[in-house]
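Structure file my_file-v6.cif (mmCIF, C-alpha atoms) follows.
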data_final
#
loop_
_atom_site.label_atom_id
_atom_site.label_comp_id
_atom_site.auth_asym_id
_atom_site.auth_seq_id
_atom_site.Cartn_x
_atom_site.Cartn_y
_atom_site.Cartn_z
CA MET A 7 -26.81 134.69 -96.31
CA LYS A 8 -26.58 138.40 -95.41
CA PRO A 9 -25.39 139.43 -91.90
CA PHE A 10 -28.67 141.15 -90.90
CA LEU A 11 -30.65 138.00 -91.80
CA ILE A 12 -28.38 135.83 -89.64
CA LEU A 13 -28.86 138.29 -86.76
CA PHE A 14 -32.64 138.22 -87.22
CA LEU A 15 -32.73 134.39 -87.16
CA THR A 16 -30.54 134.29 -84.06
CA LEU A 17 -32.81 136.74 -82.23
CA SER A 18 -35.90 134.78 -83.28
CA ILE A 19 -34.49 131.50 -81.97
CA SER A 20 -33.44 133.14 -78.70
CA LEU A 21 -36.90 134.61 -78.18
CA CYS A 22 -38.56 131.20 -78.78
CA ALA A 23 -36.24 129.24 -76.46
CA GLN A 24 -37.57 128.42 -73.01
CA THR A 25 -35.76 127.77 -69.77
CA PRO A 26 -36.23 124.11 -68.80
CA PRO A 27 -38.23 123.59 -65.62
CA GLU A 28 -36.49 122.80 -62.36
CA PRO A 29 -36.41 119.09 -61.43
CA TYR A 30 -39.38 118.09 -59.31
CA GLY A 31 -39.84 115.25 -56.87
CA PRO A 32 -37.53 112.24 -56.40
CA LEU A 33 -34.73 112.16 -58.97
CA PRO A 34 -33.04 109.02 -60.30
CA SER A 35 -29.50 108.42 -59.13
CA LYS A 36 -26.59 107.93 -61.51
CA ARG A 37 -26.80 104.18 -60.86
CA GLN A 38 -30.53 104.10 -61.60
CA LEU A 39 -30.03 105.97 -64.87
CA ALA A 40 -27.29 103.51 -65.86
CA TRP A 41 -29.71 100.64 -65.12
CA HIS A 42 -32.35 102.21 -67.37
CA ASP A 43 -29.81 102.74 -70.13
CA LEU A 44 -28.99 99.02 -70.01
CA GLU A 45 -32.58 98.35 -71.14
CA VAL A 46 -32.53 94.55 -71.49
CA TYR A 47 -30.37 91.91 -69.83
CA GLY A 48 -30.71 88.20 -69.18
CA LEU A 49 -30.19 85.67 -66.43
CA ILE A 50 -28.63 82.21 -66.84
CA HIS A 51 -29.32 79.48 -64.30
CA PHE A 52 -27.68 76.05 -64.16
CA THR A 53 -27.60 73.83 -61.07
CA PRO A 54 -27.94 70.09 -60.37
CA THR A 55 -31.65 70.93 -60.23
CA THR A 56 -31.50 71.51 -64.00
CA PHE A 57 -30.89 67.78 -64.42
CA GLU A 58 -33.51 66.74 -61.85
CA ASN A 59 -36.53 68.44 -63.43
CA LYS A 60 -37.12 70.55 -60.32
CA GLU A 61 -37.66 74.27 -59.89
CA TRP A 62 -35.63 74.55 -56.69
CA GLY A 63 -33.00 72.22 -55.25
CA PHE A 64 -33.26 70.95 -51.68
CA GLY A 65 -29.49 71.07 -51.23
CA ASP A 66 -29.00 67.31 -51.22
CA ALA A 67 -28.30 66.62 -54.91
CA ASP A 68 -25.13 64.68 -55.71
CA PRO A 69 -22.62 67.04 -57.39
CA LYS A 70 -22.08 64.33 -60.00
CA THR A 71 -25.58 65.15 -61.23
CA PHE A 72 -24.23 68.40 -62.65
CA ASN A 73 -22.73 67.73 -66.07
CA PRO A 74 -23.73 70.09 -68.91
CA ALA A 75 -21.48 68.26 -71.36
CA ASP A 76 -22.38 70.50 -74.31
CA PHE A 77 -22.16 73.80 -72.44
CA ASN A 78 -20.82 76.54 -74.70
CA ALA A 79 -20.72 79.96 -73.05
CA ASP A 80 -19.73 81.71 -76.26
CA GLN A 81 -22.72 80.28 -78.12
CA ILE A 82 -25.11 81.35 -75.36
CA ILE A 83 -23.70 84.86 -75.10
CA LYS A 84 -23.76 85.37 -78.86
CA ALA A 85 -27.41 84.31 -78.93
CA ALA A 86 -28.17 86.76 -76.13
CA LYS A 87 -26.40 89.56 -77.98
CA ALA A 88 -28.25 88.75 -81.20
CA GLY A 89 -31.49 89.07 -79.24
CA GLY A 90 -30.59 92.59 -78.15
CA LEU A 91 -29.44 91.85 -74.60
CA LYS A 92 -26.77 94.14 -73.19
CA GLY A 93 -25.83 92.17 -70.11
CA ILE A 94 -25.87 88.69 -68.56
CA ILE A 95 -26.30 87.72 -64.92
CA LEU A 96 -25.14 84.23 -64.04
CA VAL A 97 -26.62 82.41 -61.06
CA ALA A 98 -23.32 81.50 -59.43
CA LYS A 99 -25.13 79.89 -56.46
CA HIS A 100 -28.85 79.34 -56.01
CA HIS A 101 -30.73 78.30 -52.87
CA ASP A 102 -29.49 74.72 -53.20
CA GLY A 103 -26.02 75.98 -52.28
CA PHE A 104 -24.19 74.45 -55.25
CA ALA A 105 -21.46 76.86 -56.36
CA LEU A 106 -20.65 77.05 -60.08
CA TRP A 107 -17.10 78.14 -59.37
CA PRO A 108 -14.34 76.28 -57.47
CA THR A 109 -14.92 78.20 -54.27
CA GLN A 110 -12.81 77.76 -51.17
CA THR A 111 -15.86 78.24 -48.94
CA THR A 112 -17.68 74.93 -49.44
CA GLU A 113 -17.05 71.47 -50.82
CA TYR A 114 -20.43 71.65 -52.54
CA ASN A 115 -19.14 73.16 -55.74
CA ILE A 116 -18.42 72.52 -59.40
CA SER A 117 -15.01 70.94 -58.75
CA LYS A 118 -16.83 67.89 -57.34
CA SER A 119 -18.82 67.44 -60.56
CA PRO A 120 -17.86 65.75 -63.85
CA PHE A 121 -17.97 69.12 -65.64
CA ARG A 122 -14.61 69.67 -67.35
CA ALA A 123 -13.33 66.65 -65.39
CA GLY A 124 -13.61 68.56 -62.13
CA LYS A 125 -11.45 71.43 -63.42
CA GLY A 126 -14.27 73.63 -64.71
CA ASP A 127 -15.37 77.09 -63.69
CA LEU A 128 -18.69 77.97 -65.27
CA VAL A 129 -18.60 81.48 -63.82
CA LYS A 130 -15.24 82.16 -65.49
CA GLU A 131 -16.34 80.75 -68.84
CA THR A 132 -19.50 82.86 -68.86
CA GLU A 133 -17.71 86.00 -67.68
CA GLN A 134 -15.03 85.71 -70.35
CA ALA A 135 -17.56 85.05 -73.11
CA ALA A 136 -19.64 88.05 -72.03
CA ARG A 137 -16.71 90.44 -72.06
CA LYS A 138 -15.38 89.09 -75.37
CA ASN A 139 -18.74 89.77 -77.00
CA GLY A 140 -19.28 93.19 -75.46
CA LEU A 141 -21.93 92.29 -72.86
CA LYS A 142 -21.82 93.39 -69.25
CA PHE A 143 -21.45 90.63 -66.66
CA GLY A 144 -23.17 90.24 -63.31
CA VAL A 145 -23.59 87.57 -60.64
CA TYR A 146 -26.42 86.18 -58.54
CA CYS A 147 -25.39 84.59 -55.24
CA SER A 148 -28.23 83.43 -53.01
CA PRO A 149 -27.87 84.26 -49.31
CA TRP A 150 -30.03 81.26 -48.42
CA ASP A 151 -28.05 78.03 -48.62
CA ARG A 152 -30.02 74.80 -48.21
CA ASN A 153 -26.86 72.69 -48.26
CA ASN A 154 -24.63 74.46 -45.76
CA ALA A 155 -24.64 72.98 -42.26
CA LEU A 156 -23.87 76.42 -40.78
CA TYR A 157 -26.90 78.16 -42.25
CA GLY A 158 -29.05 79.66 -39.49
CA THR A 159 -26.09 79.92 -37.10
CA ASP A 160 -23.88 82.95 -36.40
CA GLN A 161 -21.06 81.29 -38.37
CA TYR A 162 -22.72 81.27 -41.78
CA LEU A 163 -22.43 85.00 -42.55
CA ALA A 164 -18.64 84.75 -42.83
CA VAL A 165 -19.10 81.98 -45.41
CA TYR A 166 -21.53 84.00 -47.49
CA GLN A 167 -19.43 87.15 -47.36
CA ALA A 168 -16.37 85.14 -48.40
CA GLN A 169 -18.29 83.82 -51.41
CA LEU A 170 -19.19 87.35 -52.45
CA LYS A 171 -15.57 88.46 -52.05
CA GLU A 172 -14.43 85.63 -54.35
CA LEU A 173 -16.99 86.55 -56.98
CA TYR A 174 -16.22 90.27 -56.79
CA THR A 175 -12.44 89.71 -56.85
CA ASP A 176 -11.81 86.90 -59.34
CA TYR A 177 -14.20 87.73 -62.18
CA GLY A 178 -13.65 91.39 -62.96
CA GLU A 179 -16.09 94.25 -62.61
CA VAL A 180 -19.75 93.25 -62.27
CA PHE A 181 -22.61 95.50 -63.36
CA MET A 182 -25.03 93.89 -60.92
CA SER A 183 -24.95 91.78 -57.80
CA TRP A 184 -28.24 89.97 -57.26
CA HIS A 185 -29.02 88.47 -53.85
CA ASP A 186 -32.70 87.39 -54.05
CA GLY A 187 -35.18 87.46 -51.21
CA ALA A 188 -35.68 83.80 -50.33
CA ASN A 189 -34.52 83.47 -46.75
CA GLY A 190 -34.74 80.24 -44.82
CA GLY A 191 -37.03 77.25 -44.76
CA ASP A 192 -36.61 73.53 -45.18
CA GLY A 193 -33.29 72.23 -46.41
CA TYR A 194 -30.64 69.55 -46.29
CA TYR A 195 -28.24 71.62 -44.15
CA GLY A 196 -25.40 69.14 -44.12
CA GLY A 197 -27.77 66.23 -43.53
CA ALA A 198 -29.92 67.76 -40.81
CA LYS A 199 -32.96 67.80 -43.13
CA GLU A 200 -34.88 70.36 -41.12
CA LYS A 201 -36.49 73.77 -41.35
CA ARG A 202 -34.43 76.78 -40.31
CA SER A 203 -35.76 80.30 -39.96
CA ILE A 204 -33.80 83.55 -39.79
CA ASP A 205 -34.57 87.25 -39.44
CA ASN A 206 -33.63 88.55 -42.87
CA THR A 207 -33.46 92.14 -41.62
CA THR A 208 -30.49 91.37 -39.36
CA TYR A 209 -29.06 87.92 -40.14
CA TYR A 210 -27.05 88.94 -43.22
CA ASP A 211 -25.74 92.19 -41.68
CA TRP A 212 -26.62 93.97 -44.92
CA ASN A 213 -24.84 97.24 -44.10
CA ASN A 214 -21.47 95.49 -43.95
CA THR A 215 -22.32 92.90 -46.59
CA TRP A 216 -23.23 95.63 -49.09
CA ALA A 217 -20.00 97.40 -48.21
CA ILE A 218 -18.10 94.50 -49.78
#

Would you write out, as structure tokens, the structure that this file holds?
Amino acid sequence: MKPFLILFLTLSISLCAQTPPEPYGPLPSKRQLAWHDLEVYGLIHFTPTTFENKEWGFGDADPKTFNPADFNADQIIKAAKAGGLKGIILVAKHHDGFALWPTQTTEYNISKSPFRAGKGDLVKETEQAARKNGLKFGVYCSPWDRNNALYGTDQYLAVYQAQLKELYTDYGEVFMSWHDGANGGDGYYGGAKEKRSIDNTTYYDWNNTWAI
């Protein structure tokens, strides 16, 4: 191609180009853009309730009820990946208060179940399978705890924050931390079997809890 023709094409393209408009209105943050780029992710939920044919647990189920004998995290994650999912959130603790990891914060956890002969850690198995297969990993930890005797008192927040610290420390980087919005109501509460109400705008001290 001759030099004058190249120059002509360059000038033509420059004349046709337009300056992009200035951003207008609220703009997405870097975190929000990353969430959009993730596109599709899934949530996995196992509790004793799974074996009781209930939607929500009351907090009084025997830990021995929890025994997914054929649980295979790698199989589940591979199926999720084949379906186009880019991330997995595991419900580490739902409203029933049963923790799927051997937490130091409550006796109501997976170590008291028959799963892996009391030596299992379903959070760890799922996290490792997700990372091995290239999926992002996140956790769901319910602030409401229908099993914990301290729920509704000023002593419970330390328990919940300690649970979050365990999950954020022992299982690598998480792409999402899901807390849910169910806050208080009827529960087992260590055997009290009563209804407890809290002010969800102040009870969980969200400014400091988020800072974790």

query: Which residues, written as a count of residues only, have at least one atom at most 9 Å from Ala67 (chain A), with all atoms listed in the file counted and residues fewer than 6 positions away on the same chain left out?
result: 5

task: Have a look at A:Thr175, A:Asn154, A:Ser35, A:Gln81 and name the one nearest to Glu131 (chain A); count all atoms listed in the file.
output: A:Gln81

message: Between A:Ala123, A:Ala164, A:Ala98, A:Ala85, which residue has the minimum interatomic distance to Ser183 (chain A), considering only C-alpha atoms?
response: A:Ala98

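Distances from A:Trp41, A:Trp184, A:Tyr177, A:Trp62 to Ala135 (chain A) were compared using only C-alpha atoms, and the smallest one belongs to A:Tyr177.
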
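With the shown file loaded, the PyMOL selection byres ((chain A and resi 126-130) around 7) picks out Ala98, Leu106, Trp107, Pro108, Ile116, Ser117, Phe121, Arg122, Gly124, Lys125, Glu131, Thr132, Glu133, Gln134 and Tyr177 of chain A.
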
message: What does the structure give for the distance between CA of Gly197 (chain A) and CA of Thr111 (chain A), in Å to one decimal?
response: 17.8 Å

message: Could you tell me how far CA of Gln38 (chain A) sits from CA of Thr25 (chain A), in Å to one decimal place?
response: 25.6 Å

- request: Please evaluate the PyMOL selection byres ((chain A and resi 195) around 12) against the displayed coordinates and give the resulting residues as a count of residues only.
  value: 31

message: Report, in Å to a single decimal, how far apart CA of Lys84 (chain A) and CA of Ala105 (chain A) are.
response: 24.2 Å

query: Which residue, A:Ile83, A:Glu113, A:Asn206, A:Phe72, has the smallest gap to Ile50 (chain A) when you use all atoms listed in the file?
result: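 Among the listed residues, the smallest separation from Ile50 (chain A) belongs to A:Ile83.
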
Which polymer residues have any atom within 10 Å of an atom of Trp216 (chain A), counting all atoms listed in the file, with same-chain residues fewer than 2 positions away left out, as a tab-separated table (two decimals) with C-alpha atoms, in the coordinates of the input?
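This is the output file selection_13.tsv:
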chain	number	residue	atom	x	y	z
A	167	GLN	CA	-19.43	87.15	-47.36
A	170	LEU	CA	-19.19	87.35	-52.45
A	183	SER	CA	-24.95	91.78	-57.80
A	210	TYR	CA	-27.05	88.94	-43.22
A	211	ASP	CA	-25.74	92.19	-41.68
A	212	TRP	CA	-26.62	93.97	-44.92
A	213	ASN	CA	-24.84	97.24	-44.10
A	214	ASN	CA	-21.47	95.49	-43.95
A	218	ILE	CA	-18.10	94.50	-49.78

message: Is it possible to get the residues within 7 Å of (-25.6, 82.6, -53.9) (coordinates as in the file, counting all atoms listed in the file) written as a list in words?
response: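 Residues lying no farther than 7 Å from the given point: Ala98, Lys99, His100, His101, Gly103, Tyr146, Cys147, Ser148, Pro149 and His185 of chain A.
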
field: Closest of A:Thr208, A:Ala217, A:Ala88, A:Ala79 to Asp160 (chain A) - atom-to-atom distances counting only C-alpha atoms
entry: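 Of all the options, A:Thr208 lies closest to Asp160 (chain A).
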
message: Could you check the closest approach to Ser119 (chain A) for each of A:Asn189, A:Thr207, A:Thr215, A:Thr53 and tell me which residue wins, using only C-alpha atoms?
response: A:Thr53

Hey, what comes out of the PyMOL selection byres ((chain A and resi 93) around 8) on this file? Could you write it as a PDB file with C-alpha atoms, keeping the file's coordinate frame?
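Written file, part19.pdb:
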ATOM      1  CA  LEU A  44     -28.990  99.020 -70.010  1.00  0.00           C
ATOM      2  CA  VAL A  46     -32.530  94.550 -71.490  1.00  0.00           C
ATOM      3  CA  TYR A  47     -30.370  91.910 -69.830  1.00  0.00           C
ATOM      4  CA  GLY A  48     -30.710  88.200 -69.180  1.00  0.00           C
ATOM      5  CA  LEU A  91     -29.440  91.850 -74.600  1.00  0.00           C
ATOM      6  CA  LYS A  92     -26.770  94.140 -73.190  1.00  0.00           C
ATOM      7  CA  ILE A  94     -25.870  88.690 -68.560  1.00  0.00           C
ATOM      8  CA  ILE A  95     -26.300  87.720 -64.920  1.00  0.00           C
ATOM      9  CA  ALA A 136     -19.640  88.050 -72.030  1.00  0.00           C
ATOM     10  CA  LEU A 141     -21.930  92.290 -72.860  1.00  0.00           C
ATOM     11  CA  LYS A 142     -21.820  93.390 -69.250  1.00  0.00           C
ATOM     12  CA  PHE A 143     -21.450  90.630 -66.660  1.00  0.00           C
ATOM     13  CA  GLY A 144     -23.170  90.240 -63.310  1.00  0.00           C
TER      14      GLY A 144
END

message: So that I can see what lies close to Ala168 (chain A), please list as an MDAnalysis selection string the residues with an atom at most 9 Å from it, counting all atoms listed in the file and leaving out residues fewer than 5 positions away in the same chain.
response: chainID A and resid 110:111 163 173
